[in-house]
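A quick write-up on the structure given underneath.
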Amino acid sequence: MRANIRRNLLHRIVIVGGGLGGLRIAMGLKNKGYQIVLIDKNNYNQFPPLIYQIASSGIEPSNVSFPFRRIFQGCENFFFRMGEVLFIDEKEKAIRTTFGTVHYDELILAAGATTNFFGNAHFEHNTLPMKTVDDAIHLRNTILERLEMAETEDNPEHRQAFMNIVIVGGGPSGVEIAGALAEMKRTVLPRDYADLDASQMHIYLVNAADRLLSTMDKASSEKAEKGLKELGVEIMNNCMAMDYTNSQLILKDHTPLTSKTVIWVSGIKANTIGGIPSTSIGRGARILVDRYNRVKGMQDVYAIGDQCLVEGDELYPYGHPQLAQVAIQQAANVAANIERLQNDKPMRPFSYNNVGVMATIGRKKAVVEIGKLKFGGFFAWLLWLIVHLRSILGVRNKTIVLLNWMWSYLNYKQSLRLIFRPKEDKENSLP
Ligand SMILES: Cc1cc2nc3c(=O)[nH]c(=O)nc-3n(C[C@H](O)[C@H](O)[C@H](O)COP(=O)(O)OP(=O)(O)OC[C@H]3O[C@@H](n4cnc5c(N)ncnc54)[C@H](O)[C@@H]3O)c2cc1C
């Protein structure tokens, strides 16, 4: 297999991962006299903060995914290749990928993070993660299929297992999907599944910490708990999930929770790529970098976003939070530093400008923290809506999502609750 990217005299910058950080860096360096090679496992950029809305049938996958080839149409000296980067050969200044070898002058790792099942094979194989658009489509199909199965199930215990949903993880993703599913139970279930008793559907939110949204202010946690309880979510704080077999989630105090649908949003770890010295890997498999995002112990290799851990920032001694703004700001700084170096100017260290955090609670409430300003409720949700709408790529996508939100706000009658099962590509799966 060949990468088929002809080398020219331009400095070649290879970017691994076109997520929030990788895309921003590619945008920052395009048409600036470099040869840019962007490699991603998918042929599209995805916007993770809205993935939970795909899982809960609120928006279509295509509304928050944008094809790289479209974004960079007409860009000179830009190459996109779809494939997985497996290994870095630092001596040869090359990476090994599923489609062949690609040489670099400078390499930027922006491959993000993946779900952490903490080594438990039952969690990994039997629960449903919600990290990518693929995960979210699978989750949506599973939730809808379980409801269809509940409709035709005579055994009341089995029916209950089909109807119950357990979410493990009380961070923003857990809170947001719990709220969205509770809205679905309240508004969709009685209309679409009139033969099921909606009151029999339980949505449990299992959280190991003593409060939800533990990285936010206590007042925000309380607002989130109150809002979710009002929607009917059963919150179980100080509860550690230990195992999941035979549709039974086992908690630390040995209580079993019966459900065929367990959503796992309990932790992440950085995506790994071979060839990085083990001494350069820190907590959560994150790649250790300096304040300029240069990988410790490597030459001409940077890492940004969820995949890295910046050492030496006294304000963040344990590394920055794995958030969109961190990835985006690091990308902008690295792009500017590469240009500064080309112009014989000194590089600038990365400093994180915390612009705030927010999480939705159902379809018309949110909690927001911007510096000292902390508030919740409808206006927080409006702000969340504006911020996220601005971040979605493409005018068409922005318009569709806004219309969808307005429609669902008014009556929750959008018809996205379809179960599509993609067929396996037999030809490509032949050995
Ligand atoms: C469900 C969910 C909700 C979130 N909500 C929020 C939120 O509300 N606010 C917030 O600030 N943050 C949120 N985050 C976190 C935020 O999305 C991440 O911090 C951010 O996306 C990190 O950007 P990144 O560029 O480092 O990685 P990503 O955006 O994850 O991009 C990584 C890219 O690398 C590609 N890739 C991975 N491995 C390889 C490989 N080996 N070879 C080639 N390509 C590879 C992937 O396909 C992907 O495109 C959320 C995350 C999730 C999962």
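Residues in the structure tokens are named by chain (A, B, ... in the order shown) and by number from 1 within that chain; ligands are numbered from 1 in the order shown.
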
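By chain and then residue number, the residues within 8 Å of A:Glu183 are A:Val188, A:Leu231, A:Gly362, A:Arg363, counting only C-alpha atoms and disregarding those fewer than 5 positions away in sequence.
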
Practice task
Pick out the residues no farther than 6 Å from ligand 1, counting only C-alpha atoms and all ligand atoms, and list them as a VMD selection string.
Solution key: chain A and resid 16 to 22 39 to 42 45 48 to 49 51 to 52 83 to 86 110 to 113 130 to 131 173 271 305 to 307 322 to 325 327

Keeping only N, CA, C and O atoms, write those residues as a CSV table (one decimal), in the first residue's frame.
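Listing of result_27.csv after writing:
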chain,number,residue,atom,x,y,z
A,16,VAL,N,-1.6,14.0,13.2
A,16,VAL,CA,-2.3,12.7,13.4
A,16,VAL,C,-3.5,13.0,14.2
A,16,VAL,O,-3.5,13.4,15.4
A,17,GLY,N,-4.7,12.9,13.6
A,17,GLY,CA,-6.0,13.2,14.3
A,17,GLY,C,-6.5,14.5,13.9
A,17,GLY,O,-5.9,15.6,14.1
A,18,GLY,N,-7.7,14.5,13.3
A,18,GLY,CA,-8.4,15.7,12.9
A,18,GLY,C,-9.6,16.0,13.7
A,18,GLY,O,-10.6,16.4,13.3
A,19,GLY,N,-9.4,15.9,15.0
A,19,GLY,CA,-10.5,16.3,16.0
A,19,GLY,C,-10.4,17.8,16.2
A,19,GLY,O,-10.0,18.6,15.4
A,20,LEU,N,-10.9,18.2,17.4
A,20,LEU,CA,-10.9,19.6,17.7
A,20,LEU,C,-9.6,20.3,17.6
A,20,LEU,O,-9.4,21.4,17.1
A,21,GLY,N,-8.5,19.6,18.2
A,21,GLY,CA,-7.2,20.2,18.1
A,21,GLY,C,-6.5,20.1,16.8
A,21,GLY,O,-6.0,21.1,16.2
A,22,GLY,N,-6.6,18.9,16.2
A,22,GLY,CA,-5.9,18.6,14.9
A,22,GLY,C,-6.4,19.5,13.8
A,22,GLY,O,-5.7,20.0,13.0
A,39,ILE,N,-3.9,13.0,8.9
A,39,ILE,CA,-4.3,11.6,8.9
A,39,ILE,C,-5.3,11.4,10.0
A,39,ILE,O,-5.1,11.8,11.1
A,40,ASP,N,-6.4,10.7,9.7
A,40,ASP,CA,-7.4,10.4,10.7
A,40,ASP,C,-8.1,9.1,10.4
A,40,ASP,O,-8.2,8.7,9.2
A,41,LYS,N,-8.5,8.4,11.4
A,41,LYS,CA,-9.2,7.1,11.3
A,41,LYS,C,-10.5,7.2,10.5
A,41,LYS,O,-10.9,6.3,9.8
A,42,ASN,N,-11.1,8.4,10.7
A,42,ASN,CA,-12.4,8.7,10.0
A,42,ASN,C,-12.1,9.7,8.9
A,42,ASN,O,-11.1,10.4,8.9
A,45,ASN,N,-14.5,15.2,10.6
A,45,ASN,CA,-14.3,15.8,11.9
A,45,ASN,C,-15.6,15.7,12.7
A,45,ASN,O,-16.7,15.8,12.1
A,48,PRO,N,-17.6,16.4,19.6
A,48,PRO,CA,-18.0,15.5,20.7
A,48,PRO,C,-19.1,16.1,21.7
A,48,PRO,O,-20.0,15.4,22.1
A,49,PRO,N,-19.1,17.4,22.0
A,49,PRO,CA,-20.1,17.9,22.9
A,49,PRO,C,-21.5,17.6,22.6
A,49,PRO,O,-22.4,17.7,23.4
A,51,ILE,N,-22.5,14.8,20.9
A,51,ILE,CA,-22.7,13.4,20.6
A,51,ILE,C,-23.8,12.7,21.4
A,51,ILE,O,-24.6,11.9,20.9
A,52,TYR,N,-24.0,13.2,22.6
A,52,TYR,CA,-25.1,12.7,23.4
A,52,TYR,C,-26.5,12.9,22.8
A,52,TYR,O,-27.4,12.1,23.0
A,83,GLY,N,-6.8,6.7,7.7
A,83,GLY,CA,-6.1,5.5,8.2
A,83,GLY,C,-5.7,5.7,9.6
A,83,GLY,O,-5.8,6.8,10.2
A,84,GLU,N,-5.2,4.6,10.2
A,84,GLU,CA,-4.8,4.7,11.6
A,84,GLU,C,-3.3,4.8,11.7
A,84,GLU,O,-2.6,4.0,11.0
A,85,VAL,N,-2.8,5.7,12.5
A,85,VAL,CA,-1.4,5.8,12.7
A,85,VAL,C,-1.0,4.8,13.9
A,85,VAL,O,-1.6,4.8,14.9
A,86,LEU,N,0.0,3.9,13.6
A,86,LEU,CA,0.3,2.9,14.5
A,86,LEU,C,1.6,3.1,15.3
A,86,LEU,O,1.7,2.7,16.4
A,110,ALA,N,-2.4,14.5,17.7
A,110,ALA,CA,-3.6,15.1,18.2
A,110,ALA,C,-4.7,14.0,18.1
A,110,ALA,O,-5.8,14.2,17.7
A,111,ALA,N,-4.3,12.8,18.6
A,111,ALA,CA,-5.2,11.6,18.4
A,111,ALA,C,-6.2,11.5,19.5
A,111,ALA,O,-7.0,10.5,19.6
A,112,GLY,N,-6.3,12.4,20.5
A,112,GLY,CA,-7.3,12.4,21.5
A,112,GLY,C,-7.3,11.3,22.5
A,112,GLY,O,-6.3,10.7,22.7
A,113,ALA,N,-8.5,10.9,23.0
A,113,ALA,CA,-8.6,9.9,24.0
A,113,ALA,C,-9.7,8.9,23.7
A,113,ALA,O,-10.5,9.2,22.8
A,130,MET,N,-19.8,6.1,24.9
A,130,MET,CA,-20.4,7.3,24.2
A,130,MET,C,-19.3,8.3,23.9
A,130,MET,O,-19.3,9.4,24.3
A,131,LYS,N,-18.3,7.8,23.2
A,131,LYS,CA,-17.1,8.7,22.9
A,131,LYS,C,-17.1,9.2,21.5
A,131,LYS,O,-16.5,10.3,21.3
A,173,SER,N,-20.8,14.2,30.7
A,173,SER,CA,-21.5,13.3,29.7
A,173,SER,C,-22.6,12.5,30.4
A,173,SER,O,-23.7,12.4,29.8
A,271,ASN,N,-5.3,8.0,23.7
A,271,ASN,CA,-5.0,7.0,22.6
A,271,ASN,C,-3.5,6.8,22.5
A,271,ASN,O,-2.8,7.8,22.6
A,305,GLY,N,-3.8,18.5,23.0
A,305,GLY,CA,-5.2,18.1,23.4
A,305,GLY,C,-5.3,17.0,24.4
A,305,GLY,O,-4.4,16.8,25.2
A,306,ASP,N,-6.3,16.2,24.3
A,306,ASP,CA,-6.6,15.1,25.2
A,306,ASP,C,-5.4,14.1,25.3
A,306,ASP,O,-5.3,13.4,26.3
A,307,GLN,N,-4.7,14.0,24.2
A,307,GLN,CA,-3.6,13.0,24.2
A,307,GLN,C,-2.4,13.4,25.0
A,307,GLN,O,-1.5,12.5,25.3
A,322,GLN,N,-9.1,17.6,30.3
A,322,GLN,CA,-9.3,17.2,28.9
A,322,GLN,C,-10.6,17.7,28.3
A,322,GLN,O,-11.6,17.1,28.3
A,323,LEU,N,-10.4,19.0,27.9
A,323,LEU,CA,-11.6,19.7,27.4
A,323,LEU,C,-11.3,20.3,26.0
A,323,LEU,O,-10.2,20.5,25.6
A,324,ALA,N,-12.4,20.7,25.3
A,324,ALA,CA,-12.3,21.2,23.9
A,324,ALA,C,-11.4,22.4,23.9
A,324,ALA,O,-10.5,22.6,23.0
A,325,GLN,N,-11.6,23.4,24.8
A,325,GLN,CA,-10.9,24.6,24.7
A,325,GLN,C,-9.4,24.4,24.9
A,325,GLN,O,-8.6,25.2,24.4
A,327,ALA,N,-7.7,21.8,24.0
A,327,ALA,CA,-7.1,21.3,22.7
A,327,ALA,C,-7.1,22.4,21.7
A,327,ALA,O,-6.1,22.6,21.0

Problem - All residues 12 Å or closer to A:Glu234, only C-alpha atoms, same chain fewer than 6 positions away omitted, as a PyMOL selection string - result: chain A and resi 164-168+170+175+178-179+182+201-207+225-228+257

Exercise for the section: Run DSSP on the backbone and give me the residues of stretch 15-256 of chain A it puts in strand (DSSP E or B), as a PyMOL selection string. Expected result: chain A and resi 15-16+34-40+44-46+65-67+78-82+85-89+94-97+100-103+106-109+113-115+128-129+165-168+203-206+234-236+241-245+248-251+256

Exercise for the section: For stretch 374-378 of chain A, please output as number ranges by chain all residues within 9 Å (counting only C-alpha atoms; exclusion window: fewer than 5 positions along the same chain). Expected result: A: 217, 219-220, 223-224, 227, 361, 364-369, 383

Could you write those residues out with N, CA, C and O atoms, as a PDB file, in the first residue's frame?
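Saved the output as out13.pdb:
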ATOM      1  N   ASP A 217     -18.466  23.657  40.651  1.00  0.00           N
ATOM      2  CA  ASP A 217     -18.826  24.167  41.965  1.00  0.00           C
ATOM      3  C   ASP A 217     -19.952  23.321  42.597  1.00  0.00           C
ATOM      4  O   ASP A 217     -20.765  22.741  41.879  1.00  0.00           O
ATOM      5  N   ALA A 219     -22.577  24.270  44.089  1.00  0.00           N
ATOM      6  CA  ALA A 219     -23.913  24.795  43.759  1.00  0.00           C
ATOM      7  C   ALA A 219     -24.371  24.266  42.397  1.00  0.00           C
ATOM      8  O   ALA A 219     -25.562  23.954  42.204  1.00  0.00           O
ATOM      9  N   SER A 220     -23.438  24.145  41.452  1.00  0.00           N
ATOM     10  CA  SER A 220     -23.794  23.603  40.129  1.00  0.00           C
ATOM     11  C   SER A 220     -24.201  22.136  40.256  1.00  0.00           C
ATOM     12  O   SER A 220     -25.160  21.688  39.609  1.00  0.00           O
ATOM     13  N   LYS A 223     -27.678  21.990  41.585  1.00  0.00           N
ATOM     14  CA  LYS A 223     -28.668  22.339  40.551  1.00  0.00           C
ATOM     15  C   LYS A 223     -28.870  21.160  39.590  1.00  0.00           C
ATOM     16  O   LYS A 223     -29.996  20.844  39.197  1.00  0.00           O
ATOM     17  N   ALA A 224     -27.758  20.538  39.225  1.00  0.00           N
ATOM     18  CA  ALA A 224     -27.844  19.397  38.291  1.00  0.00           C
ATOM     19  C   ALA A 224     -28.646  18.261  38.935  1.00  0.00           C
ATOM     20  O   ALA A 224     -29.524  17.666  38.287  1.00  0.00           O
ATOM     21  N   GLY A 227     -32.350  19.207  39.092  1.00  0.00           N
ATOM     22  CA  GLY A 227     -32.964  19.177  37.757  1.00  0.00           C
ATOM     23  C   GLY A 227     -33.192  17.747  37.278  1.00  0.00           C
ATOM     24  O   GLY A 227     -34.259  17.420  36.744  1.00  0.00           O
ATOM     25  N   ILE A 361     -29.004  20.056  31.435  1.00  0.00           N
ATOM     26  CA  ILE A 361     -29.833  19.169  32.262  1.00  0.00           C
ATOM     27  C   ILE A 361     -31.175  19.101  31.560  1.00  0.00           C
ATOM     28  O   ILE A 361     -31.999  20.012  31.671  1.00  0.00           O
ATOM     29  N   LYS A 364     -34.123  22.050  28.533  1.00  0.00           N
ATOM     30  CA  LYS A 364     -34.246  23.505  28.686  1.00  0.00           C
ATOM     31  C   LYS A 364     -33.576  24.057  29.923  1.00  0.00           C
ATOM     32  O   LYS A 364     -33.907  25.134  30.385  1.00  0.00           O
ATOM     33  N   LYS A 365     -32.627  23.320  30.474  1.00  0.00           N
ATOM     34  CA  LYS A 365     -31.868  23.819  31.623  1.00  0.00           C
ATOM     35  C   LYS A 365     -30.395  23.461  31.443  1.00  0.00           C
ATOM     36  O   LYS A 365     -30.073  22.490  30.760  1.00  0.00           O
ATOM     37  N   ALA A 366     -29.546  24.260  32.082  1.00  0.00           N
ATOM     38  CA  ALA A 366     -28.115  23.942  32.060  1.00  0.00           C
ATOM     39  C   ALA A 366     -27.472  24.562  33.290  1.00  0.00           C
ATOM     40  O   ALA A 366     -28.119  25.334  34.022  1.00  0.00           O
ATOM     41  N   VAL A 367     -26.213  24.203  33.546  1.00  0.00           N
ATOM     42  CA  VAL A 367     -25.422  24.916  34.552  1.00  0.00           C
ATOM     43  C   VAL A 367     -24.189  25.471  33.836  1.00  0.00           C
ATOM     44  O   VAL A 367     -23.617  24.812  32.969  1.00  0.00           O
ATOM     45  N   VAL A 368     -23.818  26.685  34.191  1.00  0.00           N
ATOM     46  CA  VAL A 368     -22.715  27.365  33.518  1.00  0.00           C
ATOM     47  C   VAL A 368     -21.782  27.966  34.571  1.00  0.00           C
ATOM     48  O   VAL A 368     -22.244  28.535  35.556  1.00  0.00           O
ATOM     49  N   GLU A 369     -20.477  27.842  34.338  1.00  0.00           N
ATOM     50  CA  GLU A 369     -19.494  28.511  35.204  1.00  0.00           C
ATOM     51  C   GLU A 369     -18.493  29.244  34.321  1.00  0.00           C
ATOM     52  O   GLU A 369     -17.772  28.619  33.537  1.00  0.00           O
ATOM     53  N   LEU A 383     -27.438  30.115  26.783  1.00  0.00           N
ATOM     54  CA  LEU A 383     -26.020  30.399  26.533  1.00  0.00           C
ATOM     55  C   LEU A 383     -25.327  29.158  25.978  1.00  0.00           C
ATOM     56  O   LEU A 383     -24.551  29.224  25.016  1.00  0.00           O
TER      57      LEU A 383
END

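Closest approach to A:Thr261 from the set A:Pro61, A:Pro129, A:Gly33, A:Gly356 is made by A:Pro129, with distances taken over only C-alpha atoms.
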
Exercise for the section: Name the residues in contact with A:Asn397 at a cut-off of 10 Å, using only C-alpha atoms, excluding same-chain residues fewer than 3 positions from it; report them as a ChimeraX atom specification. Expected result: /A:60,62-66,389,392-394,400-403

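Take atom CA of A:Thr97 and atom CA of A:Ile338: the distance between them is 24.3 Å.
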
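Atom pair atom CA of A:Trp407 / atom CA of A:Gln53: separated by 14.1 Å.
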